[in-house]
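A.B. asks: Compact mmCIF, C-alpha atoms, file entry_7.txt:
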# COMPACT_ATOMS: atom_id res chain seq x y z
CA MET G 718 -178.53 55.17 43.56
CA ALA G 719 -177.33 51.62 43.64
CA CYS G 720 -179.99 49.07 44.49
CA LEU G 721 -180.51 45.48 43.55
CA SER G 722 -181.28 44.83 39.92
CA GLU G 723 -184.15 42.52 38.97
CA GLU G 724 -181.74 39.86 37.75
CA SER G 725 -180.01 39.64 41.12
CA TRP G 726 -183.23 38.43 42.71
CA VAL G 727 -183.53 35.24 40.67
CA SER G 728 -181.82 33.10 43.29
CA LEU G 729 -183.78 34.36 46.30
CA PRO G 730 -186.34 32.01 47.85
CA LYS G 731 -189.87 32.34 46.60
CA MET G 732 -191.11 32.93 50.13
CA LEU G 733 -189.17 36.20 50.24
CA SER G 734 -191.44 37.93 47.82
CA GLU G 735 -194.53 36.25 49.21
CA ARG G 736 -193.84 37.36 52.78
CA ALA G 737 -192.98 40.84 51.52
CA SER G 738 -196.34 41.31 49.78
CA LEU G 739 -197.95 44.55 50.83
CA ARG G 740 -200.74 44.52 53.35
CA GLN G 741 -202.64 47.23 51.50
CA GLU G 742 -203.05 48.30 47.91
CA ARG G 743 -200.07 50.33 46.73
CA PRO G 744 -200.71 53.98 45.81
CA ASN G 745 -200.48 55.09 42.21
CA GLU G 746 -197.66 57.28 40.95
CA ASP G 747 -199.60 60.52 41.47
CA ASP G 748 -200.22 59.63 45.10
CA LYS G 749 -196.55 58.85 45.58
CA ARG G 750 -195.51 62.19 44.07
CA ASN G 751 -197.99 64.06 46.26
CA PHE G 752 -196.70 62.23 49.34
CA MET G 753 -193.09 63.13 48.62
CA GLU G 754 -193.97 66.72 47.80
CA SER G 755 -195.80 67.12 51.09
CA GLU G 756 -192.85 65.63 52.92
CA SER G 757 -190.41 67.99 51.20
CA THR G 758 -192.24 70.99 52.65
CA ALA G 759 -191.21 69.84 56.11
CA SER G 760 -187.54 69.39 55.25
CA TYR G 761 -186.54 72.61 57.01
CA ARG G 762 -187.56 70.99 60.30
CA LEU G 763 -185.49 67.89 59.56
CA ASP G 764 -182.38 70.04 59.16
CA LYS G 765 -182.64 70.93 62.83
CA VAL G 766 -183.32 67.41 64.05
CA PHE G 767 -181.01 65.54 61.65
CA PRO G 768 -178.32 68.07 60.62
CA VAL G 769 -176.39 67.56 57.37
CA TYR G 770 -177.44 63.99 56.70
CA ALA G 771 -181.21 64.21 57.19
CA LEU G 772 -181.96 64.19 53.48
CA GLY G 773 -179.72 61.32 52.44
CA ILE G 774 -176.04 60.57 51.98
CA SER G 775 -173.43 61.38 49.43
CA LYS G 776 -172.82 58.98 46.55
CA PRO G 777 -169.40 57.29 46.37
CA ASP G 778 -167.33 57.84 43.25
CA PRO G 779 -166.66 54.20 42.26
CA GLU G 780 -169.42 52.64 40.20
CA PRO G 781 -171.52 50.17 42.19
CA VAL G 782 -171.82 46.57 41.14
CA VAL G 783 -175.58 46.80 40.65
CA SER G 784 -177.97 49.20 38.96
CA ALA G 785 -180.96 51.02 40.40
CA ALA G 786 -182.85 51.17 37.13
CA ASN G 787 -186.27 49.55 37.43
CA SER G 788 -185.05 47.42 40.31
CA ALA G 789 -187.44 44.93 41.88
CA ASP G 790 -186.98 44.73 45.64
CA PRO G 791 -189.98 43.37 47.57
CA ILE G 792 -188.28 43.82 50.94
CA TRP G 793 -187.58 47.50 50.32
CA ASP G 794 -191.09 48.03 48.96
CA ALA G 795 -192.55 46.53 52.13
CA VAL G 796 -190.30 48.64 54.36
CA ARG G 797 -191.42 51.85 52.65
CA GLU G 798 -195.11 50.99 52.74
CA GLU G 799 -194.91 50.06 56.42
CA ALA G 800 -193.06 53.31 57.20
CA LYS G 801 -195.74 55.35 55.42
CA LEU G 802 -198.48 53.61 57.35
CA VAL G 803 -196.73 54.17 60.69
CA ALA G 804 -196.14 57.83 59.84
CA GLU G 805 -199.87 58.24 59.26
CA ASN G 806 -200.82 56.50 62.48
CA GLU G 807 -198.08 58.06 64.63
CA PRO G 808 -197.42 61.59 63.31
CA ILE G 809 -194.85 62.23 66.03
CA LEU G 810 -192.59 59.69 64.27
CA SER G 811 -193.07 61.10 60.77
CA SER G 812 -189.83 63.12 60.72
CA PHE G 813 -187.88 60.17 62.10
CA LEU G 814 -189.36 57.81 59.51
CA TYR G 815 -188.75 60.25 56.68
CA ALA G 816 -185.10 60.71 57.64
CA SER G 817 -184.50 57.02 58.29
CA ILE G 818 -186.45 55.39 55.44
CA LEU G 819 -188.64 57.51 53.18
CA SER G 820 -185.91 59.92 52.04
CA HIS G 821 -183.73 57.06 50.78
CA ASP G 822 -183.69 55.27 47.45
CA CYS G 823 -182.93 51.70 48.51
CA LEU G 824 -182.48 49.40 51.46
CA GLU G 825 -178.69 49.75 51.48
CA GLN G 826 -178.90 53.51 51.85
CA ALA G 827 -181.57 53.42 54.57
CA LEU G 828 -179.75 50.71 56.52
CA GLY G 829 -176.49 52.65 56.29
CA PHE G 830 -178.25 55.73 57.68
CA VAL G 831 -179.80 53.82 60.58
CA LEU G 832 -176.57 52.04 61.51
CA ALA G 833 -174.48 55.20 61.26
CA ASN G 834 -176.76 57.10 63.59
CA ARG G 835 -176.78 54.23 66.08
CA LEU G 836 -172.99 53.92 66.15
CA GLN G 837 -171.84 57.53 65.84
CA ASN G 838 -169.86 59.22 68.59
CA PRO G 839 -168.10 62.61 68.86
CA THR G 840 -165.02 61.37 67.00
CA LEU G 841 -166.64 58.92 64.59
CA LEU G 842 -169.22 60.97 62.74
CA ALA G 843 -172.44 59.64 61.28
CA THR G 844 -171.58 61.10 57.87
CA GLN G 845 -168.30 59.16 57.83
CA LEU G 846 -169.97 55.93 58.89
CA MET G 847 -172.73 56.30 56.29
CA ASP G 848 -170.17 56.66 53.53
CA ILE G 849 -168.39 53.51 54.75
CA PHE G 850 -171.55 51.41 55.10
CA TYR G 851 -173.09 52.51 51.83
CA ASP G 852 -169.89 52.07 49.84
CA VAL G 853 -169.28 48.54 51.17
CA MET G 854 -172.87 47.35 50.86
CA THR G 855 -173.45 48.63 47.33
CA HIS G 856 -170.26 47.00 46.05
CA ASP G 857 -170.81 43.58 47.61
CA ARG G 858 -173.59 41.39 46.21
CA SER G 859 -173.30 38.87 49.03
CA ILE G 860 -174.00 41.56 51.63
CA GLN G 861 -176.96 42.85 49.59
CA ARG G 862 -178.42 39.37 49.60
CA SER G 863 -177.63 38.71 53.27
CA ILE G 864 -179.20 41.87 54.67
CA ARG G 865 -182.48 40.86 53.01
CA LEU G 866 -182.39 37.21 54.03
CA ASP G 867 -181.50 38.24 57.59
CA VAL G 868 -184.46 40.59 57.90
CA GLN G 869 -186.66 37.85 56.46
CA ALA G 870 -185.31 35.51 59.15
CA PHE G 871 -186.37 37.96 61.85
CA MET G 872 -189.85 38.25 60.34
CA ASP G 873 -190.27 34.48 60.01
CA ARG G 874 -188.80 33.32 63.34
CA ASP G 875 -189.16 36.13 65.88
CA PRO G 876 -192.79 36.63 66.99
CA ALA G 877 -191.79 39.96 68.56
CA CYS G 878 -190.77 41.35 65.16
CA LEU G 879 -193.79 43.35 64.04
CA SER G 880 -192.63 44.27 60.53
CA TYR G 881 -189.68 44.62 58.18
CA CYS G 882 -189.65 48.29 59.06
CA SER G 883 -189.36 47.64 62.81
CA ALA G 884 -186.51 45.17 62.28
CA LEU G 885 -184.61 47.73 60.21
CA LEU G 886 -185.15 50.52 62.73
CA TYR G 887 -185.05 48.93 66.16
CA LEU G 888 -183.70 45.38 66.46
CA LYS G 889 -180.12 45.44 67.69
CA GLY G 890 -179.57 41.79 66.84
CA TYR G 891 -180.18 42.69 63.20
CA HIS G 892 -178.12 45.87 63.47
CA SER G 893 -175.08 44.20 65.02
CA LEU G 894 -175.17 41.45 62.39
CA GLN G 895 -175.18 43.92 59.49
CA VAL G 896 -172.38 46.05 60.94
CA HIS G 897 -170.37 42.85 61.33
CA ARG G 898 -170.91 42.07 57.64
CA VAL G 899 -169.43 45.43 56.74
CA ALA G 900 -166.56 44.97 59.21
CA HIS G 901 -165.85 41.49 57.79
CA ALA G 902 -165.68 42.91 54.27
CA LEU G 903 -163.25 45.59 55.45
CA TRP G 904 -161.16 42.97 57.28
CA SER G 905 -160.99 40.90 54.09
CA GLN G 906 -159.82 43.98 52.18
CA GLY G 907 -156.94 44.47 54.63
CA ARG G 908 -158.56 47.43 56.40
CA LYS G 909 -158.25 45.69 59.74
CA VAL G 910 -157.94 48.74 61.98
CA LEU G 911 -161.21 50.18 60.67
CA ALA G 912 -162.87 46.78 60.99
CA LEU G 913 -161.77 46.54 64.63
CA ALA G 914 -163.07 50.05 65.26
CA LEU G 915 -166.50 48.96 64.05
CA GLN G 916 -166.31 45.83 66.22
CA SER G 917 -165.58 48.03 69.22
CA ARG G 918 -168.59 50.25 68.52
CA ILE G 919 -170.86 47.20 68.07
CA SER G 920 -169.75 45.93 71.45
CA GLU G 921 -170.22 49.30 73.17
CA VAL G 922 -173.61 50.14 71.66
CA PHE G 923 -175.30 46.76 71.20
CA GLY G 924 -173.54 44.52 73.73
CA VAL G 925 -172.59 42.10 70.95
CA ASP G 926 -168.95 41.15 70.34
CA ILE G 927 -168.22 39.54 66.95
CA HIS G 928 -164.65 39.49 65.68
CA PRO G 929 -164.56 40.93 62.15
CA ALA G 930 -162.72 37.85 60.87
CA ALA G 931 -165.55 35.51 61.90
CA GLN G 932 -167.47 34.02 58.98
CA ILE G 933 -171.26 34.21 59.25
CA GLY G 934 -173.73 32.86 56.71
CA GLU G 935 -177.05 34.30 55.55
CA GLY G 936 -180.56 34.05 56.89
CA ILE G 937 -179.30 34.45 60.48
CA LEU G 938 -181.41 35.27 63.52
CA LEU G 939 -179.68 36.85 66.52
CA ASP G 940 -182.67 36.99 68.84
CA HIS G 941 -182.15 39.87 71.31
CA GLY G 942 -178.41 39.72 70.61
CA THR G 943 -177.32 40.83 74.06
CA GLY G 944 -174.21 39.05 75.27
CA VAL G 945 -173.43 37.18 72.03
CA VAL G 946 -169.68 36.60 71.62
CA ILE G 947 -168.23 35.07 68.43
CA GLY G 948 -164.49 34.52 68.14
CA GLU G 949 -162.05 35.21 65.33
CA THR G 950 -161.95 31.80 63.63
CA ALA G 951 -165.58 30.85 64.24
CA VAL G 952 -167.76 29.86 61.28
CA VAL G 953 -171.57 30.05 61.36
CA GLY G 954 -173.54 28.43 58.54
CA ASN G 955 -176.74 29.55 56.85
CA ARG G 956 -180.18 29.71 58.50
CA VAL G 957 -178.76 29.52 62.04
CA SER G 958 -180.76 30.90 64.98
CA MET G 959 -178.99 32.08 68.14
CA MET G 960 -180.56 33.33 71.33
CA HIS G 961 -178.98 35.86 73.67
CA GLY G 962 -175.85 35.12 75.67
CA VAL G 963 -174.34 32.62 73.21
CA THR G 964 -170.56 32.27 73.23
CA LEU G 965 -168.55 30.70 70.39
CA GLY G 966 -165.16 30.87 72.07
CA GLY G 967 -161.71 29.38 72.35
CA THR G 968 -160.28 27.30 75.17
CA GLY G 969 -157.15 29.23 76.05
CA LYS G 970 -154.26 31.18 74.57
CA GLU G 971 -153.65 28.98 71.54
CA ILE G 972 -153.47 30.65 68.15
CA GLY G 973 -154.75 29.51 64.77
CA ASP G 974 -158.07 27.82 64.10
CA ARG G 975 -159.52 27.61 67.61
CA HIS G 976 -163.24 28.44 67.51
CA PRO G 977 -166.44 26.46 66.82
CA LYS G 978 -167.90 25.69 63.40
CA VAL G 979 -171.71 25.77 63.40
CA GLY G 980 -173.53 23.91 60.63
CA ASP G 981 -176.52 25.11 58.60
CA GLY G 982 -179.90 25.24 60.30
CA ALA G 983 -178.63 24.86 63.87
CA LEU G 984 -180.64 26.25 66.79
CA ILE G 985 -178.59 27.50 69.74
CA GLY G 986 -180.48 28.33 72.94
CA ALA G 987 -179.93 31.15 75.39
CA SER G 988 -176.65 31.33 77.34
CA VAL G 989 -175.08 28.40 75.51
CA THR G 990 -171.28 28.25 75.65
CA ILE G 991 -169.45 26.38 72.88
CA LEU G 992 -165.68 26.21 73.27
CA GLY G 993 -162.86 25.10 71.01
CA ASN G 994 -162.46 24.10 67.38
CA ILE G 995 -165.40 21.70 67.40
CA LYS G 996 -168.22 21.07 64.94
CA ILE G 997 -171.92 21.63 65.56
CA GLY G 998 -173.67 19.44 63.00
CA HIS G 999 -176.26 20.53 60.47
CA GLY G 1000 -179.66 21.00 62.07
CA ALA G 1001 -178.46 20.36 65.63
CA MET G 1002 -180.29 21.86 68.60
CA ILE G 1003 -178.46 22.95 71.75
CA ALA G 1004 -180.56 23.50 74.86
CA ALA G 1005 -180.32 26.73 76.83
CA GLY G 1006 -177.51 26.96 79.36
CA SER G 1007 -175.49 24.08 77.92
CA LEU G 1008 -171.71 23.89 77.88
CA VAL G 1009 -170.52 22.20 74.67
CA LEU G 1010 -166.96 20.89 74.62
CA LYS G 1011 -167.04 18.26 71.86
CA ASP G 1012 -168.55 17.71 68.42
CA VAL G 1013 -172.34 17.62 68.16
CA PRO G 1014 -173.83 15.15 65.62
CA PRO G 1015 -176.13 16.49 62.90
CA ARG G 1016 -179.82 16.85 63.87
CA SER G 1017 -179.14 15.87 67.46
CA ILE G 1018 -180.40 17.50 70.66
CA VAL G 1019 -177.75 18.17 73.29
CA ALA G 1020 -178.16 19.55 76.80
CA GLY G 1021 -176.32 19.83 80.09
CA ILE G 1022 -172.94 20.75 81.56
CA PRO G 1023 -171.09 19.29 79.83
CA ALA G 1024 -173.60 18.77 77.05
CA LYS G 1025 -174.70 15.25 76.10
CA VAL G 1026 -176.89 13.96 73.29
CA ILE G 1027 -180.41 13.44 74.65
CA GLY G 1028 -182.27 12.82 71.41
CA TYR G 1029 -182.71 13.77 67.77
CA VAL G 1030 -184.91 16.30 66.01
CA ASP G 1031 -187.42 15.53 63.28
CA GLU G 1032 -187.03 18.85 61.46
CA GLN G 1033 -184.21 19.30 58.98
CA ASP G 1034 -183.60 22.84 60.23
CA PRO G 1035 -184.84 23.36 63.81
CA SER G 1036 -183.65 26.97 63.50
CA LEU G 1037 -186.61 27.64 61.21
CA THR G 1038 -189.30 26.17 63.49
CA MET G 1039 -187.73 27.55 66.70
CA LYS G 1040 -189.17 24.59 68.64
CA HIS G 1041 -186.76 24.26 71.54
CA ASP G 1042 -189.33 23.24 74.15
CA ALA G 1043 -189.34 19.44 74.17
CA THR G 1044 -192.21 17.80 76.02
CA LYS G 1045 -192.03 16.82 79.67
CA ASP G 1046 -192.30 13.14 78.75
CA PHE G 1047 -189.34 13.45 76.42
CA PHE G 1048 -187.07 14.91 79.10
CA GLU G 1049 -188.23 12.40 81.72
CA ASN G 1050 -187.34 9.60 79.32
CA ALA G 1051 -183.99 11.24 78.57
CA ALA G 1052 -183.25 11.59 82.28
CA VAL G 1053 -183.84 7.85 82.84
CA ASN G 1054 -181.70 6.82 79.87
CA PHE G 1055 -178.76 9.06 80.75
CA ARG G 1056 -178.82 8.79 84.54
CA ASP G 1057 -175.41 8.15 86.03
CA PRO G 1058 -175.43 4.58 87.48
CA ARG G 1059 -173.34 5.75 90.43
CA SER G 1060 -176.17 8.03 91.57
CA THR G 1061 -178.44 5.02 92.21
CA GLY G 1062 -176.08 3.28 94.57
Hey, can you dump this file as structure tokens for me?
C.D. replies:
Amino acid sequence: MACLSEESWVSLPKMLSERASLRQERPNEDDKRNFMESESTASYRLDKVFPVYALGISKPDPEPVVSAANSADPIWDAVREEAKLVAENEPILSSFLYASILSHDCLEQALGFVLANRLQNPTLLATQLMDIFYDVMTHDRSIQRSIRLDVQAFMDRDPACLSYCSALLYLKGYHSLQVHRVAHALWSQGRKVLALALQSRISEVFGVDIHPAAQIGEGILLDHGTGVVIGETAVVGNRVSMMHGVTLGGTGKEIGDRHPKVGDGALIGASVTILGNIKIGHGAMIAAGSLVLKDVPPRSIVAGIPAKVIGYVDEQDPSLTMKHDATKDFFENAAVNFRDPRSTG
């Protein structure tokens, strides 16, 4: 199986491995063999619950860009250990966890399985989707890196995210983002009809509509995800956090470059609408419910309809701290400074 090689992890942040450290001592090799052997005795039951693809997916013919030999993957290690612990504590989920995580060799394979089973329908089979997801992810180093930095973003910034395992299995913001990455790769390869088919399924299943041509960086948090709309020519930088209901849209029927460009480290609150080919500066913070129609300076705070600058943030990347609750005194001061003179007459 194709997983990340040890060399490919050199550029990842140090915090990745630190946050992925196991919460309990890892079992020795004998324990691991015994665990897998005991699980294999229950495989006949999985065939009924997860037909055909319960025990894994087929391997694509082209050689992957990375090797599985002695790979070091702290995220995948953490996912597996968490799944084992949950299976022990909640036996009713053991078959589900085995089929979704423990039967797979690497994060790419497990993620492909989870996404395929979320998006399948009577005419778009899970087996077909798994082959597509696995083939794209194992031949694209940038996607391999992004799926790990994204799940780390959920762990670091979303207090409702209990574990790496829960993000992989349940969080639709994470799921929709990873399907988009596959769809974007297909779009870039000229397989636009298939990419649009995946976009359609993301919208139907997760309530998230991201055009496959949109460019999205790594370390992204789509918190909740519901109602997020990102247009064709939109660009989202690295380490951006978006709440639910965010729209990065156009302003009409014009063609060409017509959608927002969001800088690194920006924090975009719930139900924010950003329209047109405008720039959201690095580290900017946009308050919930704002309507943004013009460029936003770096590290500024904007709010209102239409949005206006009401202050500046101290953090370089407010998306990492997720502090979008300015004090009452701050907003009272902002209200005095930006009050319309005509309202006092």
A.B. asks: Provide the CA of Lys1040 (chain G) to CA of Met1002 (chain G) distance in Å, to one decimal place.
C.D. replies: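 Value for the CA of Lys1040 (chain G)-CA of Met1002 (chain G) distance: 9.3 Å.
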A.B. asks: Distance CA of Arg956 (chain G)-CA of Ala983 (chain G), one decimal place?
C.D. replies: 7.4 Å
A.B. asks: Interatomic distance between CA of Lys801 (chain G) and CA of Tyr881 (chain G)?
C.D. replies: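 If I compute the distance from CA of Lys801 (chain G) to CA of Tyr881 (chain G), I get 12.6 Å.
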A.B. asks: Select, from G:Leu992, G:Leu1037, G:Leu984, G:Ala789, the residue with the minimum atom-to-atom distance to Ala1024 (chain G), counting all atoms listed in the file.
C.D. replies: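 Of all the options, G:Leu992 lies closest to Ala1024 (chain G).
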A.B. asks: Using all atoms listed in the file, pick whichever of G:Leu828, G:Leu810, G:Leu841, G:Val899 has the shortest atom-to-atom distance to Val853 (chain G).
C.D. replies: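 Result for the nearest residue to Val853 (chain G): G:Val899.
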A.B. asks: Name the residues within 12 Å of (-181.7, 20.2, 59.5), counting all atoms listed in the file in the file's coordinates, and put them as a ChimeraX atom specification.
C.D. replies: /G:954-957,980-984,997-1002,1014-1018,1029-1039
A.B. asks: Kindly export the residues of the current selection with C-alpha atoms, as a compact mmCIF listing (two decimals), keeping the file's coordinate frame.
C.D. replies:
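Listed below is the output, result21.txt:
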# COMPACT_ATOMS: atom_id res chain seq x y z
CA GLY G 954 -173.54 28.43 58.54
CA ASN G 955 -176.74 29.55 56.85
CA ARG G 956 -180.18 29.71 58.50
CA VAL G 957 -178.76 29.52 62.04
CA GLY G 980 -173.53 23.91 60.63
CA ASP G 981 -176.52 25.11 58.60
CA GLY G 982 -179.90 25.24 60.30
CA ALA G 983 -178.63 24.86 63.87
CA LEU G 984 -180.64 26.25 66.79
CA ILE G 997 -171.92 21.63 65.56
CA GLY G 998 -173.67 19.44 63.00
CA HIS G 999 -176.26 20.53 60.47
CA GLY G 1000 -179.66 21.00 62.07
CA ALA G 1001 -178.46 20.36 65.63
CA MET G 1002 -180.29 21.86 68.60
CA PRO G 1014 -173.83 15.15 65.62
CA PRO G 1015 -176.13 16.49 62.90
CA ARG G 1016 -179.82 16.85 63.87
CA SER G 1017 -179.14 15.87 67.46
CA ILE G 1018 -180.40 17.50 70.66
CA TYR G 1029 -182.71 13.77 67.77
CA VAL G 1030 -184.91 16.30 66.01
CA ASP G 1031 -187.42 15.53 63.28
CA GLU G 1032 -187.03 18.85 61.46
CA GLN G 1033 -184.21 19.30 58.98
CA ASP G 1034 -183.60 22.84 60.23
CA PRO G 1035 -184.84 23.36 63.81
CA SER G 1036 -183.65 26.97 63.50
CA LEU G 1037 -186.61 27.64 61.21
CA THR G 1038 -189.30 26.17 63.49
CA MET G 1039 -187.73 27.55 66.70
A.B. asks: Which residue, G:Gly966, G:Gly1006, G:Pro929, G:Gly944, has the smallest gap to Ile991 (chain G) when you use all atoms listed in the file?
C.D. replies: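 Among the listed residues, G:Gly966 lies closest to Ile991 (chain G).
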A.B. asks: How about completing region 1000-1018 of chain G with N, CA and C atoms and giving it to me as an mmCIF file, in the coordinates of the input?
C.D. replies:
data_model
loop_
_atom_site.group_PDB
_atom_site.id
_atom_site.type_symbol
_atom_site.label_atom_id
_atom_site.label_comp_id
_atom_site.auth_asym_id
_atom_site.auth_seq_id
_atom_site.Cartn_x
_atom_site.Cartn_y
_atom_site.Cartn_z
ATOM 1 N N GLY G 1000 -178.364 21.211 61.463
ATOM 2 C CA GLY G 1000 -179.660 21.000 62.070
ATOM 3 C C GLY G 1000 -179.648 20.553 63.514
ATOM 4 N N ALA G 1001 -178.523 20.737 64.215
ATOM 5 C CA ALA G 1001 -178.460 20.360 65.630
ATOM 6 C C ALA G 1001 -179.192 21.393 66.486
ATOM 7 N N MET G 1002 -179.637 20.967 67.655
ATOM 8 C CA MET G 1002 -180.290 21.860 68.600
ATOM 9 C C MET G 1002 -179.594 21.757 69.941
ATOM 10 N N ILE G 1003 -179.184 22.905 70.481
ATOM 11 C CA ILE G 1003 -178.460 22.950 71.750
ATOM 12 C C ILE G 1003 -179.339 23.664 72.769
ATOM 13 N N ALA G 1004 -179.656 22.969 73.852
ATOM 14 C CA ALA G 1004 -180.560 23.500 74.860
ATOM 15 C C ALA G 1004 -179.932 24.663 75.614
ATOM 16 N N ALA G 1005 -180.771 25.546 76.111
ATOM 17 C CA ALA G 1005 -180.320 26.730 76.830
ATOM 18 C C ALA G 1005 -179.440 26.357 78.018
ATOM 19 N N GLY G 1006 -178.387 27.145 78.220
ATOM 20 C CA GLY G 1006 -177.510 26.960 79.360
ATOM 21 C C GLY G 1006 -176.503 25.849 79.239
ATOM 22 N N SER G 1007 -176.402 25.220 78.085
ATOM 23 C CA SER G 1007 -175.490 24.080 77.920
ATOM 24 C C SER G 1007 -174.045 24.544 77.731
ATOM 25 N N LEU G 1008 -173.132 23.692 78.115
ATOM 26 C CA LEU G 1008 -171.710 23.890 77.880
ATOM 27 C C LEU G 1008 -171.243 22.793 76.935
ATOM 28 N N VAL G 1009 -170.873 23.168 75.707
ATOM 29 C CA VAL G 1009 -170.520 22.200 74.670
ATOM 30 C C VAL G 1009 -169.008 22.197 74.488
ATOM 31 N N LEU G 1010 -168.409 20.999 74.679
ATOM 32 C CA LEU G 1010 -166.960 20.890 74.620
ATOM 33 C C LEU G 1010 -166.489 19.887 73.567
ATOM 34 N N LYS G 1011 -167.423 19.211 72.895
ATOM 35 C CA LYS G 1011 -167.040 18.260 71.860
ATOM 36 C C LYS G 1011 -168.047 18.312 70.722
ATOM 37 N N ASP G 1012 -167.706 17.665 69.620
ATOM 38 C CA ASP G 1012 -168.550 17.710 68.420
ATOM 39 C C ASP G 1012 -169.984 17.285 68.726
ATOM 40 N N VAL G 1013 -170.926 17.928 68.027
ATOM 41 C CA VAL G 1013 -172.340 17.620 68.160
ATOM 42 C C VAL G 1013 -172.816 16.998 66.852
ATOM 43 N N PRO G 1014 -173.387 15.795 66.864
ATOM 44 C CA PRO G 1014 -173.830 15.150 65.620
ATOM 45 C C PRO G 1014 -174.935 15.945 64.934
ATOM 46 N N PRO G 1015 -175.044 15.818 63.623
ATOM 47 C CA PRO G 1015 -176.130 16.490 62.900
ATOM 48 C C PRO G 1015 -177.502 16.074 63.427
ATOM 49 N N ARG G 1016 -178.418 17.048 63.500
ATOM 50 C CA ARG G 1016 -179.820 16.850 63.870
ATOM 51 C C ARG G 1016 -179.995 16.212 65.244
ATOM 52 N N SER G 1017 -179.026 16.390 66.102
ATOM 53 C CA SER G 1017 -179.140 15.870 67.460
ATOM 54 C C SER G 1017 -179.560 16.986 68.414
ATOM 55 N N ILE G 1018 -180.070 16.574 69.585
ATOM 56 C CA ILE G 1018 -180.400 17.500 70.660
ATOM 57 C C ILE G 1018 -179.402 17.261 71.776
#
